[in-house]
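Encoded as structure tokens, the structure appears first; notes follow it.
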Amino acid sequence: MEDELGAYRPDAIFTVDGADDGPLAGLTFAAKDLYDVVGIATGAGNPTFLNGRAPAAKNASSVQKLLNAGATLVGKTITDELAFSLFGENHHYGTPINPAAPQRIPGGSSSGSASIVAGGLVDTALGSDTGGSVRVPASHCGIFGLRPTHGRIPIDGVVPLADSFDTVGWFARTPDIMMRVGQVLLPDFLAQPTPTRMLIVDDALAQVEDEAADAARAAIDSLAFGFDTVEHVTIAPDGLDGWRTAFITLLSAEAWHNHGDWICHVRPDFGPGVAERFAAASTVTREAVAAASEVRNATRDSVRGLLDAHTVLCLPSAAGAAPYKRADRRTLAAFRDRTLDMCCIAGLAGLPQIGLPRAMVGGCPLGISLVGPAGGDEMLLQAAVDLT
């Protein structure tokens, strides 16, 4: 198979047939190179990591569930190194093409998975979402993407970044396929009605770049027609930047806990951005973690308190259209901070969030997200079907 998008790990293009029949029979999928696949070493976006790994002895449970349901696995996709980026520009393997905006980044860390879904090479693809790594590339590439309730889907056989935030996620071009995959991956799947009340998160909307603000507001206004009740809320009266700081502190401490010993022992070659983030992670103190944990607990209580079985939050999926490839680091850092201000809400609260391809900015996609209550994954999938 030819990799016309540069989205697959070069040595991991293969086919594994799914079961002869099942709810996903006839569909194809790919798996981000954090997921174990029998007989293939998991590389996590870094050649040094790959060279130190033996071929996997069993499939990650999410991979196995899709195969059992009849879907055919077609290769492993490029990820940012150890999933520690939101941009999708891998220093070693290159940048997968964003089919919706070829001069712009696809978003990361699930860059390859989003690219091949948007490009029509597969029907669906597994990504992972810790800080936005499904939601952001779905927004940039103009497709659907779900970050489930934290802990809802088992994440065994997946290279961790930060355990208290890591989630299994997936992409599709249509809400129907998103739903079909959810019926397989979500344990004890139970159909739920579309929500009737939408809370527009004004302080998240305020983080959108000026050139994208009108498009984001117009898309949210059009989405509002699908709800009986629409209200505006300010979710973080003292500012989302404080939530973002706590989120980064906790994520960084967990990332260093998971990979610090390996980094110190092996000294892998990391690309720009990833290297600096791991260096900063190595300096996080216990006192900082304790303070950030207090912020997380308060955030979790306040955000969950806004939601019920009929209510969702609405906010942009990212700070704007995808940045251009090889944008300067200051521009990328500012975009990342604004985007994490939005993404940290569901992350800190452990809530599900679905990205809908609703807006266009200068011919480039911008997703609009719905955040649901804990366990409300099915409600979000139904909302995507009914509101699209």
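Quick note on naming: the chains in the structure tokens go A, B, ... in the order shown, residues restart at 1 in each chain, and ligands are numbered from 1 in order of appearance.
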Taking the DSSP assignment computed from this structure's backbone, write out as an mmCIF file with all heavy atoms, in the first residue's frame all residues of stretch 203-267 of chain A that belong to strand (DSSP E).
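Below you can see out-v2.cif, which holds the result:
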```cif
data_model
loop_
_atom_site.group_PDB
_atom_site.id
_atom_site.type_symbol
_atom_site.label_atom_id
_atom_site.label_comp_id
_atom_site.auth_asym_id
_atom_site.auth_seq_id
_atom_site.Cartn_x
_atom_site.Cartn_y
_atom_site.Cartn_z
ATOM 1 N N THR A 229 -32.538 24.672 25.296
ATOM 2 C CA THR A 229 -32.064 25.734 26.177
ATOM 3 C C THR A 229 -30.602 26.023 25.885
ATOM 4 O O THR A 229 -29.793 25.094 25.785
ATOM 5 C CB THR A 229 -32.208 25.332 27.658
ATOM 6 O OG1 THR A 229 -33.572 24.984 27.921
ATOM 7 C CG2 THR A 229 -31.772 26.457 28.579
ATOM 8 N N VAL A 230 -30.268 27.304 25.734
ATOM 9 C CA VAL A 230 -28.884 27.725 25.495
ATOM 10 C C VAL A 230 -28.552 28.837 26.478
ATOM 11 O O VAL A 230 -29.288 29.824 26.584
ATOM 12 C CB VAL A 230 -28.678 28.217 24.048
ATOM 13 C CG1 VAL A 230 -27.244 28.706 23.851
ATOM 14 C CG2 VAL A 230 -29.001 27.114 23.047
ATOM 15 N N GLU A 231 -27.464 28.663 27.209
ATOM 16 C CA GLU A 231 -27.017 29.656 28.184
ATOM 17 C C GLU A 231 -25.528 29.899 28.005
ATOM 18 O O GLU A 231 -24.818 29.090 27.398
ATOM 19 C CB GLU A 231 -27.293 29.164 29.610
ATOM 20 C CG GLU A 231 -28.755 28.840 29.893
ATOM 21 C CD GLU A 231 -28.929 28.134 31.232
ATOM 22 O OE1 GLU A 231 -28.154 28.426 32.170
ATOM 23 O OE2 GLU A 231 -29.818 27.275 31.323
ATOM 24 N N HIS A 232 -25.052 31.003 28.545
ATOM 25 C CA HIS A 232 -23.629 31.330 28.527
ATOM 26 C C HIS A 232 -23.080 31.213 29.945
ATOM 27 O O HIS A 232 -23.744 31.603 30.911
ATOM 28 C CB HIS A 232 -23.398 32.757 28.009
ATOM 29 C CG HIS A 232 -23.686 32.913 26.546
ATOM 30 N ND1 HIS A 232 -22.691 32.978 25.598
ATOM 31 C CD2 HIS A 232 -24.861 33.009 25.865
ATOM 32 C CE1 HIS A 232 -23.233 33.104 24.398
ATOM 33 N NE2 HIS A 232 -24.547 33.129 24.536
ATOM 34 N N VAL A 233 -21.865 30.678 30.065
ATOM 35 C CA VAL A 233 -21.224 30.553 31.366
ATOM 36 C C VAL A 233 -19.765 30.992 31.269
ATOM 37 O O VAL A 233 -19.132 30.902 30.210
ATOM 38 C CB VAL A 233 -21.266 29.098 31.899
ATOM 39 C CG1 VAL A 233 -22.693 28.654 32.142
ATOM 40 C CG2 VAL A 233 -20.555 28.142 30.961
#
```
Can you check which parts of stretch 326-358 of chain A lie within 12 Å of stretch 93-106 of chain A? Per residue, the shortest pair of atoms and distance in Å to one decimal, counting only C-alpha atoms, sorted by chain and number, as a Markdown table.
```
| residue | atom | partner | partner_atom | distance |
| --- | --- | --- | --- | --- |
| A:Arg326 | CA | A:Ile105 | CA | 8.4 |
| A:Ala327 | CA | A:Arg104 | CA | 9.1 |
| A:Leu332 | CA | A:Ile105 | CA | 10.8 |
| A:Pro357 | CA | A:Ala100 | CA | 11.2 |
```
Contact table stretch 105-177 of chain A vs stretch 258-268 of chain A, cut-off 8 Å, shortest pair per residue, only C-alpha atoms, as a tab-separated table:
```
residue	atom	partner	partner_atom	distance
A:Pro160	CA	A:Asn258	CA	7.1
A:Leu161	CA	A:Asn258	CA	6.8
A:Ala162	CA	A:Asn258	CA	7.5
```
How about saving the chosen residues, all heavy atoms kept, as a compact mmCIF listing (two decimals), in the first residue's frame?
```txt
# COMPACT_ATOMS: atom_id res chain seq x y z
N PRO A 160 2.06 4.78 27.83
CA PRO A 160 1.47 5.90 28.58
C PRO A 160 2.25 7.20 28.40
O PRO A 160 3.43 7.19 28.08
CB PRO A 160 1.56 5.41 30.03
CG PRO A 160 2.80 4.57 30.04
CD PRO A 160 2.82 3.88 28.70
N LEU A 161 1.57 8.30 28.63
CA LEU A 161 2.24 9.58 28.82
C LEU A 161 1.95 10.04 30.25
O LEU A 161 2.86 10.15 31.06
CB LEU A 161 1.78 10.62 27.81
CG LEU A 161 2.42 12.01 27.99
CD1 LEU A 161 3.94 11.94 27.81
CD2 LEU A 161 1.80 13.04 27.07
N ALA A 162 0.69 10.27 30.55
CA ALA A 162 0.29 10.70 31.90
C ALA A 162 -0.98 9.94 32.27
O ALA A 162 -2.07 10.25 31.77
CB ALA A 162 0.05 12.20 31.93
```
What are the nearest atom pairs, with distances in Å to one decimal, for all residues of stretch 261-338 of chain A that come at most 12 Å from stretch 120-141 of chain A, using only C-alpha atoms, set out by chain and rising residue number as CSV?
```
residue,atom,partner,partner_atom,distance
A:Leu315,CA,A:Arg135,CA,11.6
A:Pro316,CA,A:Ser139,CA,8.8
A:Ser317,CA,A:Ser139,CA,6.1
A:Ala318,CA,A:Val136,CA,5.9
A:Ala319,CA,A:Val136,CA,9.2
A:Gly320,CA,A:His140,CA,8.5
A:Ala321,CA,A:His140,CA,6.1
A:Ala322,CA,A:His140,CA,5.1
A:Pro323,CA,A:His140,CA,8.8
A:Tyr324,CA,A:His140,CA,10.9
A:Phe335,CA,A:Val136,CA,11.3
A:Arg336,CA,A:Val136,CA,10.1
A:Asp337,CA,A:Gly131,CA,11.3
A:Arg338,CA,A:Val136,CA,11.8
```
For the helix (DSSP H, G or I) assignment from backbone DSSP, which residues of stretch 91-315 of chain A qualify? Please present them as a ChimeraX atom specification. /A:111-118,135-141,175-185,202-205,210-224,240-266,274-281,286-304
Which is closest to A:Ile155 among A:Ala246, A:Ala60, A:Ile177, A:Met379, if we use only C-alpha atoms? A:Ala60
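For the pair atom CA of A:Val371 and atom CA of A:Arg197, the separation is 11.8 Å.
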10 Å contact set for A:Gln192, only C-alpha atoms, chain neighbours under 4 positions out, as a VMD selection string: chain A and resid 309 to 310 376 to 383
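If you measure from each of A:Arg152, A:Asn297, A:Phe165, A:Ala349 to A:Asp188 using only C-alpha atoms, the closest one turns out to be A:Arg152.
Distance check against A:Thr249 using only C-alpha atoms: of A:Ala41, A:Val274, A:Ala216, A:Ala288, the minimum falls on A:Ala288.
The two atoms in question, atom CA of A:Val63 and atom CA of A:Cys344, are spaced 26.8 Å apart.
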If we count only C-alpha atoms and set the cut-off at 9 Å, which residues sit around A:Met360, ignoring sequence neighbours fewer than 2 positions away in its own chain? Please answer as a ChimeraX atom specification. /A:142,212,215-216,219,321,357-358,362-367
Show me, as a PyMOL selection string, the residues that have an atom within 10 Å of A:Val158 when counting only C-alpha atoms, minus same-chain residues fewer than 5 positions from it. chain A and resi 32-37+42+44+59-62+128+166-168
Just to be explicit: take each residue in the selection above, keep all heavy atoms, and write the result as a short mmCIF file (atom, residue, chain, number, x, y, z; two decimals), in the first residue's frame.
```cif
data_model
loop_
_atom_site.label_atom_id
_atom_site.label_comp_id
_atom_site.auth_asym_id
_atom_site.auth_seq_id
_atom_site.Cartn_x
_atom_site.Cartn_y
_atom_site.Cartn_z
N LYS A 32 -2.60 4.30 16.06
CA LYS A 32 -1.48 5.16 16.42
C LYS A 32 -0.34 4.31 16.98
O LYS A 32 -0.57 3.32 17.67
CB LYS A 32 -1.98 6.16 17.47
CG LYS A 32 -0.99 7.19 17.98
CD LYS A 32 -1.70 8.10 18.97
CE LYS A 32 -0.80 9.22 19.48
NZ LYS A 32 -1.54 10.15 20.37
N ASP A 33 0.89 4.71 16.70
CA ASP A 33 2.04 3.89 17.10
C ASP A 33 2.36 4.02 18.60
O ASP A 33 3.51 4.11 19.01
CB ASP A 33 3.27 4.25 16.26
CG ASP A 33 4.41 3.27 16.43
OD1 ASP A 33 4.13 2.11 16.79
OD2 ASP A 33 5.58 3.66 16.22
N LEU A 34 1.31 4.05 19.39
CA LEU A 34 1.39 3.82 20.84
C LEU A 34 0.74 2.49 21.19
O LEU A 34 0.95 1.98 22.29
CB LEU A 34 0.68 4.93 21.63
CG LEU A 34 1.16 6.37 21.50
CD1 LEU A 34 0.30 7.27 22.38
CD2 LEU A 34 2.63 6.51 21.87
N TYR A 35 -0.06 1.96 20.27
CA TYR A 35 -0.85 0.76 20.51
C TYR A 35 -0.07 -0.48 20.12
O TYR A 35 0.50 -0.55 19.03
CB TYR A 35 -2.14 0.81 19.69
CG TYR A 35 -3.16 1.79 20.21
CD1 TYR A 35 -3.04 3.15 19.96
CD2 TYR A 35 -4.26 1.36 20.95
CE1 TYR A 35 -3.98 4.06 20.42
CE2 TYR A 35 -5.21 2.25 21.42
CZ TYR A 35 -5.05 3.60 21.16
OH TYR A 35 -5.99 4.50 21.64
N ASP A 36 -0.07 -1.47 20.99
CA ASP A 36 0.59 -2.73 20.69
C ASP A 36 -0.20 -3.51 19.64
O ASP A 36 -1.44 -3.60 19.71
CB ASP A 36 0.71 -3.59 21.94
CG ASP A 36 1.81 -3.12 22.88
OD1 ASP A 36 2.63 -2.27 22.47
OD2 ASP A 36 1.84 -3.61 24.03
N VAL A 37 0.54 -4.05 18.68
CA VAL A 37 -0.01 -4.95 17.66
C VAL A 37 0.90 -6.17 17.60
O VAL A 37 2.13 -6.03 17.52
CB VAL A 37 -0.08 -4.27 16.28
CG1 VAL A 37 -0.51 -5.26 15.20
CG2 VAL A 37 -1.04 -3.07 16.32
N THR A 42 6.35 -1.54 19.20
CA THR A 42 5.71 -0.23 19.33
C THR A 42 6.79 0.84 19.44
O THR A 42 7.66 0.75 20.30
CB THR A 42 4.78 -0.21 20.55
OG1 THR A 42 3.80 -1.24 20.40
CG2 THR A 42 4.09 1.13 20.70
N ALA A 44 6.26 4.53 19.45
CA ALA A 44 5.92 5.77 20.15
C ALA A 44 6.56 7.01 19.52
O ALA A 44 6.84 7.99 20.20
CB ALA A 44 6.30 5.69 21.63
N ASN A 59 -2.18 -7.96 21.24
CA ASN A 59 -2.75 -6.69 20.81
C ASN A 59 -3.26 -5.89 22.01
O ASN A 59 -3.76 -6.45 22.99
CB ASN A 59 -3.92 -6.91 19.87
CG ASN A 59 -3.51 -7.49 18.53
OD1 ASN A 59 -2.45 -7.16 18.01
ND2 ASN A 59 -4.36 -8.33 17.96
N ALA A 60 -3.14 -4.58 21.91
CA ALA A 60 -3.86 -3.73 22.85
C ALA A 60 -5.34 -4.09 22.78
O ALA A 60 -5.87 -4.43 21.72
CB ALA A 60 -3.66 -2.26 22.49
N SER A 61 -6.03 -4.01 23.90
CA SER A 61 -7.41 -4.49 23.93
C SER A 61 -8.30 -3.71 22.96
O SER A 61 -9.23 -4.30 22.37
CB SER A 61 -7.97 -4.43 25.34
OG SER A 61 -8.02 -3.11 25.83
N SER A 62 -8.03 -2.42 22.75
CA SER A 62 -8.84 -1.64 21.82
C SER A 62 -8.65 -2.13 20.39
O SER A 62 -9.61 -2.21 19.61
CB SER A 62 -8.49 -0.16 21.91
OG SER A 62 -8.82 0.36 23.18
N SER A 128 -4.89 8.64 20.71
CA SER A 128 -4.99 8.76 22.17
C SER A 128 -5.09 10.23 22.50
O SER A 128 -4.62 11.08 21.73
CB SER A 128 -3.77 8.14 22.87
OG SER A 128 -2.59 8.86 22.56
N ASP A 166 -4.55 10.10 30.31
CA ASP A 166 -4.53 9.33 29.07
C ASP A 166 -5.89 8.68 28.79
O ASP A 166 -6.50 8.10 29.69
CB ASP A 166 -3.49 8.21 29.14
CG ASP A 166 -2.05 8.71 29.16
OD1 ASP A 166 -1.83 9.89 28.83
OD2 ASP A 166 -1.16 7.91 29.49
N THR A 167 -6.33 8.76 27.54
CA THR A 167 -7.56 8.09 27.11
C THR A 167 -7.37 7.50 25.72
O THR A 167 -6.60 8.02 24.91
CB THR A 167 -8.77 9.05 27.06
OG1 THR A 167 -8.50 10.11 26.14
CG2 THR A 167 -9.08 9.63 28.43
N VAL A 168 -8.10 6.43 25.44
CA VAL A 168 -8.25 5.90 24.09
C VAL A 168 -9.24 6.80 23.35
O VAL A 168 -10.28 7.17 23.90
CB VAL A 168 -8.78 4.46 24.13
CG1 VAL A 168 -9.21 3.98 22.74
CG2 VAL A 168 -7.74 3.53 24.73
#
```
What's the 8 Å shell around A:Pro352, counting only C-alpha atoms, without same-chain residues fewer than 3 positions away, as a PyMOL selection string? chain A and resi 146-150+346+371-377+380
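The space between atom CA of A:Gly70 and atom CA of A:Pro187 spans 17.3 Å.
Ranking A:Pro272, A:Gly145, A:Gly347, A:Gly157 by their shortest atom-to-atom distance to A:Arg296, with only C-alpha atoms included, puts A:Gly347 first.
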